[in-house]
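What follows is a single structure, written as structure tokens, with notes after it.
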Amino acid sequence: MIGAVDIGGTKIAVGMLNRDGKILARRENPSGAELGLQDGLALIFSMLRETAQQAGGELEGIGVGCTGPVDPSTGTLGQIEFLPGWEGNNIAAELQNVFGVTALLENDADAAALGELAWGAGRGAKRFIYVTISTGIGGGMVFDGSLYRGVEGAHPEIGHHVIDPSGPKCFCGAHGCWESLAGGPALAARAGLSSALAVCRAAEQGDAVARLAVEQEAYYLGLGFGNLITLFTPDVIALGGGVMHSRHLFSDKILQTIQENCGLVPYEKTRLVPAQLGGDAGLAGAAQVWIKGSSA
Ligand SMILES: [Zn+2]
């Protein structure tokens, strides 16, 4: 069995999976990510021991998906906004020392892309893009079975390509990037409600302001997906993240926008499908990081 560690902005999840992607045991700690480095690592170690004991198999290796930036080639954490003080820690080496098996680290969106490709919506796709749309927008791209990496292993930030240069300033430096216009908070703000989910609920009940906000959201989503299709003409784009739970509200306008913007490529051949792993995407992805990396 494979140990999986998913470190996000708001929680740490740990699990044991078999090679078919089945989760044999799992633990989750909502406050984990707020801990300092030493307490955080101690928590991860104990969650791994507990889940390994519960699952009862032999631990082959450990995969880690972590909110970025991370350096997959060394297993080192970068300067992560949600994990102050963790920068420079070689979490892969620490896990290796403690558990005596190899450990591999990957950006969490890239990990989720690998998980969806192996066990979810991307199965069999030669050119696969996974996009998650929630508070932020992120994703990973897998072409011919290999995770696409940028220069020196950099993780491309598909959520921060510019949709409208006259749009709001984002922390990434750009004005009107995809995340700043189509992330959950942008949708909520457009309708003056507390969350994207609240806007979607109000739109379903016919609220005019919410419906307009949803229409605008779908347009921005369509522009972003259209850009990905024009640039990469992938077989499949899998849509994950909380906002996509309400994709029925957006899909017509998304498809219309893609049609209007992607005239030079066979856009109709790209399948936009819901991600399939849902809440398991993080752990499945982390396990797949190790399976893929250890067989390379
Ligand atoms: Zn941005």
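Identifiers in the structure tokens: chain A, B, ... in order shown; residue index from 1 per chain; ligand index from 1 in order shown.
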Hey, which residues sit close to ligand 1? Say within 9 Å, counting only C-alpha atoms and all ligand atoms, and write them as number ranges by chain. A: 137, 157, 159-162, 169-181
Self-check item: Every residue of region 258-289 of chain A that DSSP places in helix (DSSP H, G or I), as an NGL selection string
Solution: :A and (258-261 or 267-269 or 278-289)
Write to file, as a PDB file, in the first residue's frame, the residues of the selection just made, with C-alpha atoms.
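Result written to part_19.pdb:
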```pdb
ATOM      1  CA  ILE A 258     -15.731  28.329 -26.491  1.00  0.00           C
ATOM      2  CA  GLN A 259     -17.546  28.079 -29.841  1.00  0.00           C
ATOM      3  CA  GLU A 260     -17.208  31.808 -30.443  1.00  0.00           C
ATOM      4  CA  ASN A 261     -13.514  31.934 -29.499  1.00  0.00           C
ATOM      5  CA  TYR A 267     -12.783  22.642 -30.134  1.00  0.00           C
ATOM      6  CA  GLU A 268     -15.740  20.254 -30.390  1.00  0.00           C
ATOM      7  CA  LYS A 269     -13.341  17.330 -29.993  1.00  0.00           C
ATOM      8  CA  GLY A 278     -14.228  14.663  -5.650  1.00  0.00           C
ATOM      9  CA  GLY A 279     -13.029  14.789  -2.046  1.00  0.00           C
ATOM     10  CA  ASP A 280     -10.650  11.878  -2.734  1.00  0.00           C
ATOM     11  CA  ALA A 281      -8.701  13.774  -5.414  1.00  0.00           C
ATOM     12  CA  GLY A 282      -6.033  14.986  -2.983  1.00  0.00           C
ATOM     13  CA  LEU A 283      -5.190  11.580  -1.517  1.00  0.00           C
ATOM     14  CA  ALA A 284      -5.537   9.737  -4.840  1.00  0.00           C
ATOM     15  CA  GLY A 285      -3.285  12.330  -6.433  1.00  0.00           C
ATOM     16  CA  ALA A 286      -0.648  12.049  -3.710  1.00  0.00           C
ATOM     17  CA  ALA A 287      -0.593   8.252  -4.045  1.00  0.00           C
ATOM     18  CA  GLN A 288      -0.294   8.590  -7.813  1.00  0.00           C
ATOM     19  CA  VAL A 289       2.683  10.951  -7.367  1.00  0.00           C
TER      20      VAL A 289
END
```
note - CA of Ala92 (chain A) and CA of Met1 (chain A) are separated by 17.5 Å
From region 35-284 of chain A, collect each residue whose DSSP state is strand (DSSP E or B) and return the set as an MDAnalysis selection string. chainID A and resid 61:66 70:71 76:77 90 102:107 127:133 137:143 146:147 162 169 175 177 236:240 271:274
Just write the chosen residues, C-alpha atoms, as a PDB file, in the first residue's frame.
```pdb
ATOM      1  CA  GLY A  61       6.286   4.419  -0.409  1.00  0.00           C
ATOM      2  CA  ILE A  62       4.767   7.837   0.334  1.00  0.00           C
ATOM      3  CA  GLY A  63       3.463  10.480  -2.053  1.00  0.00           C
ATOM      4  CA  VAL A  64       2.852  14.077  -0.994  1.00  0.00           C
ATOM      5  CA  GLY A  65       0.699  16.669  -2.728  1.00  0.00           C
ATOM      6  CA  CYS A  66       1.201  20.137  -1.270  1.00  0.00           C
ATOM      7  CA  VAL A  70       7.202  23.181  -4.114  1.00  0.00           C
ATOM      8  CA  ASP A  71      10.278  21.672  -5.744  1.00  0.00           C
ATOM      9  CA  THR A  76      11.602  20.722  -0.752  1.00  0.00           C
ATOM     10  CA  LEU A  77       8.806  23.124   0.172  1.00  0.00           C
ATOM     11  CA  ASN A  90      12.683  18.774   2.723  1.00  0.00           C
ATOM     12  CA  THR A 102      10.970   6.508  -0.685  1.00  0.00           C
ATOM     13  CA  ALA A 103       8.826   9.652  -0.580  1.00  0.00           C
ATOM     14  CA  LEU A 104       8.018  12.020  -3.438  1.00  0.00           C
ATOM     15  CA  LEU A 105       6.564  15.551  -3.427  1.00  0.00           C
ATOM     16  CA  GLU A 106       4.449  17.333  -6.027  1.00  0.00           C
ATOM     17  CA  ASN A 107       2.311  20.451  -6.305  1.00  0.00           C
ATOM     18  CA  ARG A 127      -3.628  15.096 -23.711  1.00  0.00           C
ATOM     19  CA  PHE A 128      -5.253  15.851 -20.378  1.00  0.00           C
ATOM     20  CA  ILE A 129      -5.809  19.073 -18.448  1.00  0.00           C
ATOM     21  CA  TYR A 130      -7.246  19.166 -14.946  1.00  0.00           C
ATOM     22  CA  VAL A 131      -8.656  22.468 -13.694  1.00  0.00           C
ATOM     23  CA  THR A 132      -9.947  23.147 -10.203  1.00  0.00           C
ATOM     24  CA  ILE A 133     -12.183  26.153  -9.674  1.00  0.00           C
ATOM     25  CA  ILE A 137      -8.104  28.458  -9.910  1.00  0.00           C
ATOM     26  CA  GLY A 138      -5.326  25.965 -10.528  1.00  0.00           C
ATOM     27  CA  GLY A 139      -4.574  22.892 -12.512  1.00  0.00           C
ATOM     28  CA  GLY A 140      -2.178  20.444 -14.007  1.00  0.00           C
ATOM     29  CA  MET A 141      -1.451  19.209 -17.514  1.00  0.00           C
ATOM     30  CA  VAL A 142      -0.447  15.681 -18.459  1.00  0.00           C
ATOM     31  CA  PHE A 143       0.635  15.067 -22.043  1.00  0.00           C
ATOM     32  CA  SER A 146       3.980  12.898 -18.490  1.00  0.00           C
ATOM     33  CA  LEU A 147       3.186  15.774 -16.211  1.00  0.00           C
ATOM     34  CA  VAL A 162      -4.975  37.261 -18.186  1.00  0.00           C
ATOM     35  CA  LYS A 169      -5.393  43.582  -9.690  1.00  0.00           C
ATOM     36  CA  HIS A 175      -4.786  42.682 -13.766  1.00  0.00           C
ATOM     37  CA  CYS A 177      -6.258  37.139 -14.544  1.00  0.00           C
ATOM     38  CA  VAL A 236     -10.127  16.091 -22.096  1.00  0.00           C
ATOM     39  CA  ILE A 237     -10.421  18.961 -19.636  1.00  0.00           C
ATOM     40  CA  ALA A 238     -11.625  17.727 -16.241  1.00  0.00           C
ATOM     41  CA  LEU A 239     -13.401  20.286 -14.092  1.00  0.00           C
ATOM     42  CA  GLY A 240     -12.960  20.049 -10.336  1.00  0.00           C
ATOM     43  CA  ARG A 271     -14.402  16.900 -23.913  1.00  0.00           C
ATOM     44  CA  LEU A 272     -15.183  19.037 -20.855  1.00  0.00           C
ATOM     45  CA  VAL A 273     -16.083  16.561 -18.144  1.00  0.00           C
ATOM     46  CA  PRO A 274     -16.621  16.751 -14.390  1.00  0.00           C
TER      47      PRO A 274
END
```
Close residues, Gln53 (chain A) itself excluded, 12 Å, only C-alpha atoms, min 3 positions apart in chain, as a ChimeraX atom specification: /A:1,3,15-16,24-26,46-50,56-59
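Residues within 8 Å of Val199 (chain A), counting only C-alpha atoms and excluding same-chain residues fewer than 3 positions away, are Leu187, Ala188, Ala191, Leu193, Ser195, Ala196, Ala202, Ala203, Ala210, Ala213 and Val214 of chain A.
Put simply, CA of Asn97 (chain A) is 12.4 Å away from CA of Leu41 (chain A).
Among the candidates A:Thr257, A:Gln205, A:Ser73, A:Thr67, the residue lying nearest to Arg149 (chain A) is A:Ser73 (atoms considered: only C-alpha atoms).
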Of A:Glu116, A:Glu217, A:Asp235, A:Asp144, the one sitting nearest Gly21 (chain A) when using only C-alpha atoms is A:Glu116
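The space separating CA of Thr270 (chain A) from CA of Pro234 (chain A) comes to 5.8 Å.
Excluding Cys262 (chain A) itself and any same-chain residue fewer than 5 positions from it, the protein and nucleic acid residues within 8 Å of it, counting only C-alpha atoms, are Gly226, Asn227, Ile229, Thr230 and Tyr267 of chain A.
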So that I have them on file, write out the residues from the current selection with N, CA and C atoms, as a JSON list (two decimals), in the first residue's frame.
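Generated output (selection-v4.json):
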```json
[["chain", "number", "residue", "atom", "x", "y", "z"],
["A", 226, "GLY", "N", -11.61, 28.25, -23.20],
["A", 226, "GLY", "CA", -11.35, 28.45, -24.62],
["A", 226, "GLY", "C", -9.87, 28.70, -24.89],
["A", 227, "ASN", "N", -9.23, 29.48, -24.03],
["A", 227, "ASN", "CA", -7.79, 29.72, -24.19],
["A", 227, "ASN", "C", -7.00, 28.42, -24.07],
["A", 229, "ILE", "N", -8.08, 25.48, -24.73],
["A", 229, "ILE", "CA", -8.35, 24.66, -25.92],
["A", 229, "ILE", "C", -7.58, 25.18, -27.12],
["A", 230, "THR", "N", -7.57, 26.50, -27.32],
["A", 230, "THR", "CA", -6.82, 27.06, -28.44],
["A", 230, "THR", "C", -5.31, 26.79, -28.30],
["A", 267, "TYR", "N", -12.38, 22.52, -31.54],
["A", 267, "TYR", "CA", -12.78, 22.64, -30.13],
["A", 267, "TYR", "C", -13.82, 21.60, -29.74]]
```
For Glu215 (chain A), the closest of A:Trp119, A:Phe45, A:Phe250, A:Phe99 counting only C-alpha atoms is A:Phe250
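The nearest approach to Gly78 (chain A) among the residues A:Ala154, A:Ala52, A:Leu117, A:Val14, with only C-alpha atoms taken into account, belongs to A:Ala154.
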